[in-house]
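Okay, my_file16.pdb is below, PDB, C-alpha atoms, pLDDT in the B column:
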```
ATOM      1  CA  MET A   1      45.221  54.538 -28.445  1.00 60.00           C
ATOM      2  CA  THR A   2      46.381  52.597 -31.501  1.00 64.00           C
ATOM      3  CA  ARG A   3      48.126  55.678 -32.833  1.00 68.00           C
ATOM      4  CA  LYS A   4      50.068  56.098 -29.567  1.00 73.00           C
ATOM      5  CA  PHE A   5      51.043  52.418 -29.560  1.00 72.00           C
ATOM      6  CA  LEU A   6      52.290  52.497 -33.147  1.00 76.00           C
ATOM      7  CA  ALA A   7      54.043  55.854 -32.634  1.00 77.00           C
ATOM      8  CA  GLY A   8      56.745  53.995 -30.697  1.00 81.00           C
ATOM      9  CA  PHE A   9      57.735  52.118 -33.858  1.00 88.00           C
ATOM     10  CA  SER A  10      59.636  53.512 -36.797  1.00 90.00           C
ATOM     11  CA  ILE A  11      58.616  52.624 -40.346  1.00 92.00           C
ATOM     12  CA  PHE A  12      61.667  50.334 -40.495  1.00 92.00           C
ATOM     13  CA  ASP A  13      60.551  48.573 -37.281  1.00 92.00           C
ATOM     14  CA  LEU A  14      57.085  48.018 -38.760  1.00 93.00           C
ATOM     15  CA  MET A  15      58.629  46.625 -41.935  1.00 94.00           C
ATOM     16  CA  ILE A  16      60.739  44.188 -39.896  1.00 94.00           C
ATOM     17  CA  ILE A  17      57.651  43.109 -37.954  1.00 95.00           C
ATOM     18  CA  ALA A  18      55.587  42.633 -41.129  1.00 95.00           C
ATOM     19  CA  VAL A  19      58.308  40.627 -42.891  1.00 95.00           C
ATOM     20  CA  LEU A  20      58.979  38.425 -39.847  1.00 95.00           C
ATOM     21  CA  ALA A  21      55.245  37.866 -39.306  1.00 95.00           C
ATOM     22  CA  ALA A  22      54.809  36.747 -42.911  1.00 93.00           C
ATOM     23  CA  LEU A  23      57.922  34.536 -42.717  1.00 93.00           C
ATOM     24  CA  GLY A  24      56.630  33.048 -39.461  1.00 91.00           C
ATOM     25  CA  VAL A  25      53.301  32.069 -41.022  1.00 90.00           C
ATOM     26  CA  ALA A  26      54.916  30.712 -44.192  1.00 88.00           C
ATOM     27  CA  ILE A  27      57.762  28.810 -42.551  1.00 88.00           C
ATOM     28  CA  GLY A  28      55.603  27.696 -39.625  1.00 82.00           C
ATOM     29  CA  GLY A  29      53.047  26.139 -41.949  1.00 78.00           C
ATOM     30  CA  PHE A  30      55.734  24.490 -44.048  1.00 83.00           C
ATOM     31  CA  ILE A  31      57.653  23.051 -41.101  1.00 87.00           C
ATOM     32  CA  GLY A  32      54.443  22.072 -39.316  1.00 80.00           C
ATOM     33  CA  TYR A  33      53.546  19.569 -42.022  1.00 82.00           C
ATOM     34  CA  PHE A  34      56.921  17.836 -41.826  1.00 87.00           C
ATOM     35  CA  VAL A  35      56.954  17.800 -38.031  1.00 87.00           C
ATOM     36  CA  ARG A  36      53.487  16.231 -37.943  1.00 84.00           C
ATOM     37  CA  LEU A  37      54.695  13.444 -40.238  1.00 87.00           C
ATOM     38  CA  ILE A  38      57.129  12.469 -37.494  1.00 86.00           C
ATOM     39  CA  THR A  39      55.145  13.336 -34.375  1.00 81.00           C
ATOM     40  CA  GLY A  40      51.788  11.958 -35.559  1.00 79.00           C
ATOM     41  CA  PRO A  41      52.740   8.254 -35.416  1.00 80.00           C
ATOM     42  CA  LEU A  42      54.494   8.875 -32.081  1.00 75.00           C
ATOM     43  CA  MET A  43      51.295  10.443 -30.694  1.00 74.00           C
ATOM     44  CA  LEU A  44      53.155  13.659 -29.817  1.00 76.00           C
ATOM     45  CA  PRO A  45      51.628  17.114 -30.299  1.00 79.00           C
ATOM     46  CA  GLY A  46      53.103  18.470 -33.533  1.00 81.00           C
ATOM     47  CA  GLY A  47      52.368  22.102 -32.718  1.00 82.00           C
ATOM     48  CA  ALA A  48      54.257  21.882 -29.439  1.00 85.00           C
ATOM     49  CA  VAL A  49      57.294  20.408 -31.189  1.00 87.00           C
ATOM     50  CA  ALA A  50      57.261  22.866 -34.100  1.00 89.00           C
ATOM     51  CA  GLY A  51      56.380  25.753 -31.783  1.00 88.00           C
ATOM     52  CA  GLY A  52      60.021  26.560 -31.171  1.00 88.00           C
ATOM     53  CA  ILE A  53      60.237  27.573 -34.829  1.00 89.00           C
ATOM     54  CA  TYR A  54      56.831  29.334 -34.829  1.00 87.00           C
ATOM     55  CA  MET A  55      57.725  31.448 -31.788  1.00 92.00           C
ATOM     56  CA  LEU A  56      61.242  32.207 -32.983  1.00 93.00           C
ATOM     57  CA  PHE A  57      59.880  35.030 -35.137  1.00 95.00           C
ATOM     58  CA  LEU A  58      58.162  36.759 -32.219  1.00 96.00           C
ATOM     59  CA  VAL A  59      61.341  36.888 -30.153  1.00 96.00           C
ATOM     60  CA  LEU A  60      63.377  37.844 -33.221  1.00 95.00           C
ATOM     61  CA  CYS A  61      61.102  40.877 -33.723  1.00 94.00           C
ATOM     62  CA  VAL A  62      61.948  42.083 -30.226  1.00 95.00           C
ATOM     63  CA  SER A  63      65.636  41.392 -30.678  1.00 93.00           C
ATOM     64  CA  LEU A  64      65.888  43.238 -33.992  1.00 93.00           C
ATOM     65  CA  THR A  65      63.683  46.239 -33.145  1.00 92.00           C
ATOM     66  CA  GLY A  66      64.671  46.589 -29.495  1.00 91.00           C
ATOM     67  CA  LYS A  67      60.998  47.053 -28.569  1.00 92.00           C
ATOM     68  CA  LYS A  68      59.363  44.567 -26.197  1.00 91.00           C
ATOM     69  CA  SER A  69      55.870  45.129 -27.610  1.00 93.00           C
ATOM     70  CA  ALA A  70      57.056  44.082 -31.099  1.00 95.00           C
ATOM     71  CA  ALA A  71      56.284  40.445 -30.196  1.00 95.00           C
ATOM     72  CA  PHE A  72      52.621  41.277 -29.582  1.00 95.00           C
ATOM     73  CA  LEU A  73      52.388  43.249 -32.813  1.00 95.00           C
ATOM     74  CA  CYS A  74      54.063  40.440 -34.789  1.00 96.00           C
ATOM     75  CA  GLY A  75      51.640  37.901 -33.308  1.00 95.00           C
ATOM     76  CA  LEU A  76      48.692  40.137 -34.162  1.00 94.00           C
ATOM     77  CA  VAL A  77      49.869  40.503 -37.769  1.00 95.00           C
ATOM     78  CA  GLN A  78      50.333  36.727 -37.977  1.00 93.00           C
ATOM     79  CA  ALA A  79      46.798  36.173 -36.663  1.00 91.00           C
ATOM     80  CA  ILE A  80      45.364  38.568 -39.231  1.00 91.00           C
ATOM     81  CA  ILE A  81      47.311  36.880 -42.044  1.00 90.00           C
ATOM     82  CA  VAL A  82      46.079  33.438 -40.967  1.00 88.00           C
ATOM     83  CA  MET A  83      42.467  34.537 -40.522  1.00 86.00           C
ATOM     84  CA  ILE A  84      42.303  36.369 -43.845  1.00 87.00           C
ATOM     85  CA  SER A  85      44.171  33.807 -45.929  1.00 82.00           C
ATOM     86  CA  GLY A  86      43.287  30.607 -44.097  1.00 70.00           C
ATOM     87  CA  ILE A  87      46.784  29.346 -44.937  1.00 66.00           C
ATOM     88  CA  VAL A  88      47.358  27.355 -41.771  1.00 58.00           C
ATOM     89  CA  GLY A  89      45.419  26.481 -38.681  1.00 60.00           C
ATOM     90  CA  ASN A  90      41.870  25.545 -37.946  1.00 68.00           C
ATOM     91  CA  HIS A  91      41.371  27.367 -34.675  1.00 68.00           C
ATOM     92  CA  GLY A  92      38.623  29.633 -35.968  1.00 73.00           C
ATOM     93  CA  ALA A  93      38.083  32.754 -33.877  1.00 78.00           C
ATOM     94  CA  MET A  94      40.570  31.421 -31.300  1.00 83.00           C
ATOM     95  CA  THR A  95      43.299  32.223 -33.846  1.00 84.00           C
ATOM     96  CA  ILE A  96      43.428  35.835 -32.651  1.00 88.00           C
ATOM     97  CA  ILE A  97      44.035  34.644 -29.082  1.00 91.00           C
ATOM     98  CA  THR A  98      46.388  31.747 -29.855  1.00 89.00           C
ATOM     99  CA  TYR A  99      48.611  33.922 -32.056  1.00 90.00           C
ATOM    100  CA  THR A 100      48.688  37.132 -29.982  1.00 94.00           C
ATOM    101  CA  MET A 101      48.944  35.793 -26.429  1.00 96.00           C
ATOM    102  CA  PRO A 102      52.429  34.299 -26.954  1.00 96.00           C
ATOM    103  CA  GLY A 103      53.532  37.831 -27.864  1.00 95.00           C
ATOM    104  CA  VAL A 104      51.959  39.113 -24.657  1.00 96.00           C
ATOM    105  CA  ALA A 105      53.824  36.412 -22.714  1.00 96.00           C
ATOM    106  CA  ILE A 106      57.107  37.513 -24.276  1.00 96.00           C
ATOM    107  CA  PHE A 107      56.344  41.152 -23.479  1.00 95.00           C
ATOM    108  CA  LEU A 108      55.535  40.389 -19.836  1.00 96.00           C
ATOM    109  CA  LEU A 109      58.591  38.178 -19.404  1.00 96.00           C
ATOM    110  CA  PHE A 110      60.922  40.756 -20.933  1.00 95.00           C
ATOM    111  CA  VAL A 111      59.442  43.488 -18.748  1.00 94.00           C
ATOM    112  CA  LEU A 112      60.082  41.335 -15.668  1.00 94.00           C
ATOM    113  CA  MET A 113      63.582  40.352 -16.833  1.00 92.00           C
ATOM    114  CA  ARG A 114      64.374  43.877 -18.060  1.00 90.00           C
ATOM    115  CA  HIS A 115      65.676  42.390 -21.304  1.00 87.00           C
ATOM    116  CA  LYS A 116      64.698  42.635 -24.943  1.00 85.00           C
ATOM    117  CA  GLY A 117      66.079  39.709 -26.885  1.00 83.00           C
ATOM    118  CA  CYS A 118      69.643  40.767 -26.200  1.00 85.00           C
ATOM    119  CA  CYS A 119      71.200  37.568 -24.820  1.00 90.00           C
ATOM    120  CA  LYS A 120      70.921  33.777 -24.847  1.00 93.00           C
ATOM    121  CA  LEU A 121      69.055  33.732 -21.564  1.00 93.00           C
ATOM    122  CA  CYS A 122      66.239  36.080 -22.508  1.00 93.00           C
ATOM    123  CA  CYS A 123      65.842  34.552 -25.981  1.00 94.00           C
ATOM    124  CA  PHE A 124      65.743  31.056 -24.451  1.00 96.00           C
ATOM    125  CA  PHE A 125      63.098  31.935 -21.873  1.00 97.00           C
ATOM    126  CA  GLY A 126      61.188  34.279 -24.190  1.00 95.00           C
ATOM    127  CA  CYS A 127      60.674  31.625 -26.841  1.00 96.00           C
ATOM    128  CA  MET A 128      59.931  29.038 -24.155  1.00 97.00           C
ATOM    129  CA  ALA A 129      57.272  31.259 -22.559  1.00 97.00           C
ATOM    130  CA  ALA A 130      55.696  31.938 -25.942  1.00 96.00           C
ATOM    131  CA  ASN A 131      55.581  28.254 -26.886  1.00 96.00           C
ATOM    132  CA  LEU A 132      54.187  27.256 -23.493  1.00 96.00           C
ATOM    133  CA  THR A 133      51.488  29.919 -23.794  1.00 96.00           C
ATOM    134  CA  GLY A 134      50.528  28.929 -27.332  1.00 93.00           C
ATOM    135  CA  THR A 135      50.527  25.210 -26.528  1.00 92.00           C
ATOM    136  CA  PHE A 136      48.431  25.724 -23.416  1.00 94.00           C
ATOM    137  CA  LEU A 137      45.874  27.876 -25.242  1.00 92.00           C
ATOM    138  CA  VAL A 138      45.524  25.413 -28.114  1.00 88.00           C
ATOM    139  CA  GLY A 139      45.480  22.386 -25.800  1.00 87.00           C
ATOM    140  CA  TRP A 140      42.914  23.910 -23.462  1.00 89.00           C
ATOM    141  CA  GLY A 141      40.829  26.148 -25.716  1.00 85.00           C
ATOM    142  CA  VAL A 142      40.851  24.283 -29.019  1.00 81.00           C
ATOM    143  CA  MET A 143      41.632  20.625 -28.294  1.00 81.00           C
ATOM    144  CA  ALA A 144      40.292  20.363 -24.708  1.00 80.00           C
ATOM    145  CA  LEU A 145      43.160  18.070 -23.695  1.00 83.00           C
ATOM    146  CA  PRO A 146      42.955  16.136 -20.421  1.00 88.00           C
ATOM    147  CA  ALA A 147      45.618  16.780 -17.764  1.00 90.00           C
ATOM    148  CA  VAL A 148      48.199  14.106 -18.673  1.00 90.00           C
ATOM    149  CA  PRO A 149      48.375  14.834 -22.423  1.00 88.00           C
ATOM    150  CA  MET A 150      48.409  18.551 -21.604  1.00 90.00           C
ATOM    151  CA  LEU A 151      51.402  18.102 -19.283  1.00 93.00           C
ATOM    152  CA  LEU A 152      53.211  16.065 -21.952  1.00 91.00           C
ATOM    153  CA  ALA A 153      52.491  18.754 -24.548  1.00 91.00           C
ATOM    154  CA  LEU A 154      53.721  21.482 -22.186  1.00 95.00           C
ATOM    155  CA  ALA A 155      56.938  19.590 -21.400  1.00 95.00           C
ATOM    156  CA  ILE A 156      57.639  19.159 -25.112  1.00 93.00           C
ATOM    157  CA  ALA A 157      56.735  22.816 -25.714  1.00 95.00           C
ATOM    158  CA  ALA A 158      59.198  23.968 -23.053  1.00 96.00           C
ATOM    159  CA  LEU A 159      62.033  21.990 -24.635  1.00 95.00           C
ATOM    160  CA  SER A 160      61.179  23.020 -28.183  1.00 94.00           C
ATOM    161  CA  GLY A 161      60.679  26.653 -27.185  1.00 95.00           C
ATOM    162  CA  GLY A 162      63.998  26.805 -25.374  1.00 95.00           C
ATOM    163  CA  LEU A 163      65.834  25.366 -28.359  1.00 95.00           C
ATOM    164  CA  GLY A 164      63.997  27.800 -30.638  1.00 95.00           C
ATOM    165  CA  GLY A 165      65.134  30.618 -28.357  1.00 95.00           C
ATOM    166  CA  LEU A 166      68.760  29.591 -28.741  1.00 96.00           C
ATOM    167  CA  LEU A 167      68.280  29.534 -32.505  1.00 95.00           C
ATOM    168  CA  THR A 168      66.691  32.995 -32.270  1.00 95.00           C
ATOM    169  CA  TRP A 169      69.684  34.367 -30.390  1.00 95.00           C
ATOM    170  CA  SER A 170      72.054  32.896 -32.970  1.00 94.00           C
ATOM    171  CA  LEU A 171      70.059  34.346 -35.888  1.00 93.00           C
ATOM    172  CA  ALA A 172      69.821  37.786 -34.284  1.00 91.00           C
ATOM    173  CA  LYS A 173      73.536  37.768 -33.533  1.00 91.00           C
ATOM    174  CA  GLN A 174      74.397  36.853 -37.138  1.00 92.00           C
ATOM    175  CA  LEU A 175      72.019  39.447 -38.617  1.00 89.00           C
ATOM    176  CA  LYS A 176      73.520  42.158 -36.409  1.00 87.00           C
ATOM    177  CA  LYS A 177      77.054  40.978 -37.211  1.00 88.00           C
ATOM    178  CA  LEU A 178      76.357  41.167 -40.963  1.00 88.00           C
ATOM    179  CA  GLU A 179      74.891  44.628 -40.369  1.00 83.00           C
ATOM    180  CA  VAL A 180      71.638  43.616 -42.066  1.00 73.00           C
ATOM    181  CA  ILE A 181      69.920  45.306 -39.123  1.00 72.00           C
ATOM    182  CA  LYS A 182      71.634  48.135 -37.280  1.00 63.00           C
TER     183      LYS A 182
END
```

Structure rendered as structure tokens:
Amino acid sequence: MTRKFLAGFSIFDLMIIAVLAALGVAIGGFIGYFVRLITGPLMLPGGAVAGGIYMLFLVLCVSLTGKKSAAFLCGLVQAIIVMISGIVGNHGAMTIITYTMPGVAIFLLFVLMRHKGCCKLCCFFGCMAANLTGTFLVGWGVMALPAVPMLLALAIAALSGGLGGLLTWSLAKQLKKLEVIK
């Protein structure tokens, strides 16, 4: 089954996914520290705010490869990197779920929309769906947040994810324009 799944990806697609997954973990961890410096005193969930940047890489994988399942694969690679290296996060075994399910959310949304990271709208909603999914899973499964803080975190996640989606669309457009990715 794994062989059939991966057969849909070229070696170049897999390289893009691996590079973006590694960049996502590295940049996400770096930005997360700075965001928490600001959001901590304000009692806002740092992961929900920085999630727009975390999830950007999942949607960018779809946009650059043209394959909807690339988001899931990128999230899985990120989860493996985090679990093996322990670079960021303290979710334990939930890491596999909290990193891969946003990719599943992107896949399902793009299947329903019949898009694949090709326009502002699908990038906006794709990144938003991923950030909402990740924030919900961490808030419910890891932090056990009560209803009101969970709703606040989800509202912030929706805003941050949408903005991250617009940034994703802009990055993808520029990379395609520069012919870095054909």

* For this file, the PyMOL selection byres ((chain A and resi 126-136) around 7) selects which residues, as a PyMOL selection string? -> chain A and resi 48+51-52+55-56+59+98+101-103+105-106+109+122-125+137-140+154+157-158+161-162+164-165

* Using atom CA of Ala50 of chain A and atom CA of Ser160 of chain A as the two end points, give the distance in Å to one decimal. =>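 Atom-to-atom, atom CA of Ala50 of chain A to atom CA of Ser160 of chain A, that is 7.1 Å.
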
* Who sits within 10 Å of segment 175-180 of chain A, all atoms listed in the file, same chain under 4 positions skipped, as a list in words ->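 Everything that qualifies: Ser63, Leu64, Trp169, Ser170 and Leu171 of chain A.
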
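Pairwise distance (atom CA of Lys116 of chain A, atom CA of Met83 of chain A) equals 28.3 Å.
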
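The space separating atom CA of Ile97 of chain A from atom CA of Ile181 of chain A comes to 29.7 Å.
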
* Run the PyMOL selection byres ((chain A and resi 77) around 9) on the file and write out the hits as a ChimeraX atom specification. => /A:17-18,21-22,72-76,78-82,99-100

* To do: Pick out the closest residue to Met150 of chain A from this set: A:Ile53, A:Met94, A:Pro45, A:Ala70. Count all atoms listed in the file.
  =>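 Among the listed residues, A:Pro45 lies closest to Met150 of chain A.
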
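Distances from A:Ala7, A:Val62, A:Val148, A:Leu42 to Leu20 of chain A were compared using all atoms listed in the file, and the smallest one belongs to A:Val62.
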
* Asked: Which of these residues is nearest to Lys120 of chain A, using only C-alpha atoms: A:Leu145, A:Leu159, A:Leu167, A:Ala153?
  ->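 Using only C-alpha atoms, the shortest distance to Lys120 of chain A belongs to A:Leu167.
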
* Nearest-residue call for Val19 of chain A, choices A:Leu6, A:Val104, A:Ala144, A:Leu58, using only C-alpha atoms ->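 Closest candidate: A:Leu58.
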
* Which protein, DNA or RNA residues have an atom at most 6 Å from (59.7, 43.9, -23.7), counting only C-alpha atoms? List them as a ChimeraX atom specification. -> /A:67-69,107,110-111,116

* To do: Using all atoms listed in the file, find the one residue out of A:Leu60, A:Pro41, A:Ile11, A:Val25 that sits nearest to Gln174 of chain A.
  => A:Leu60
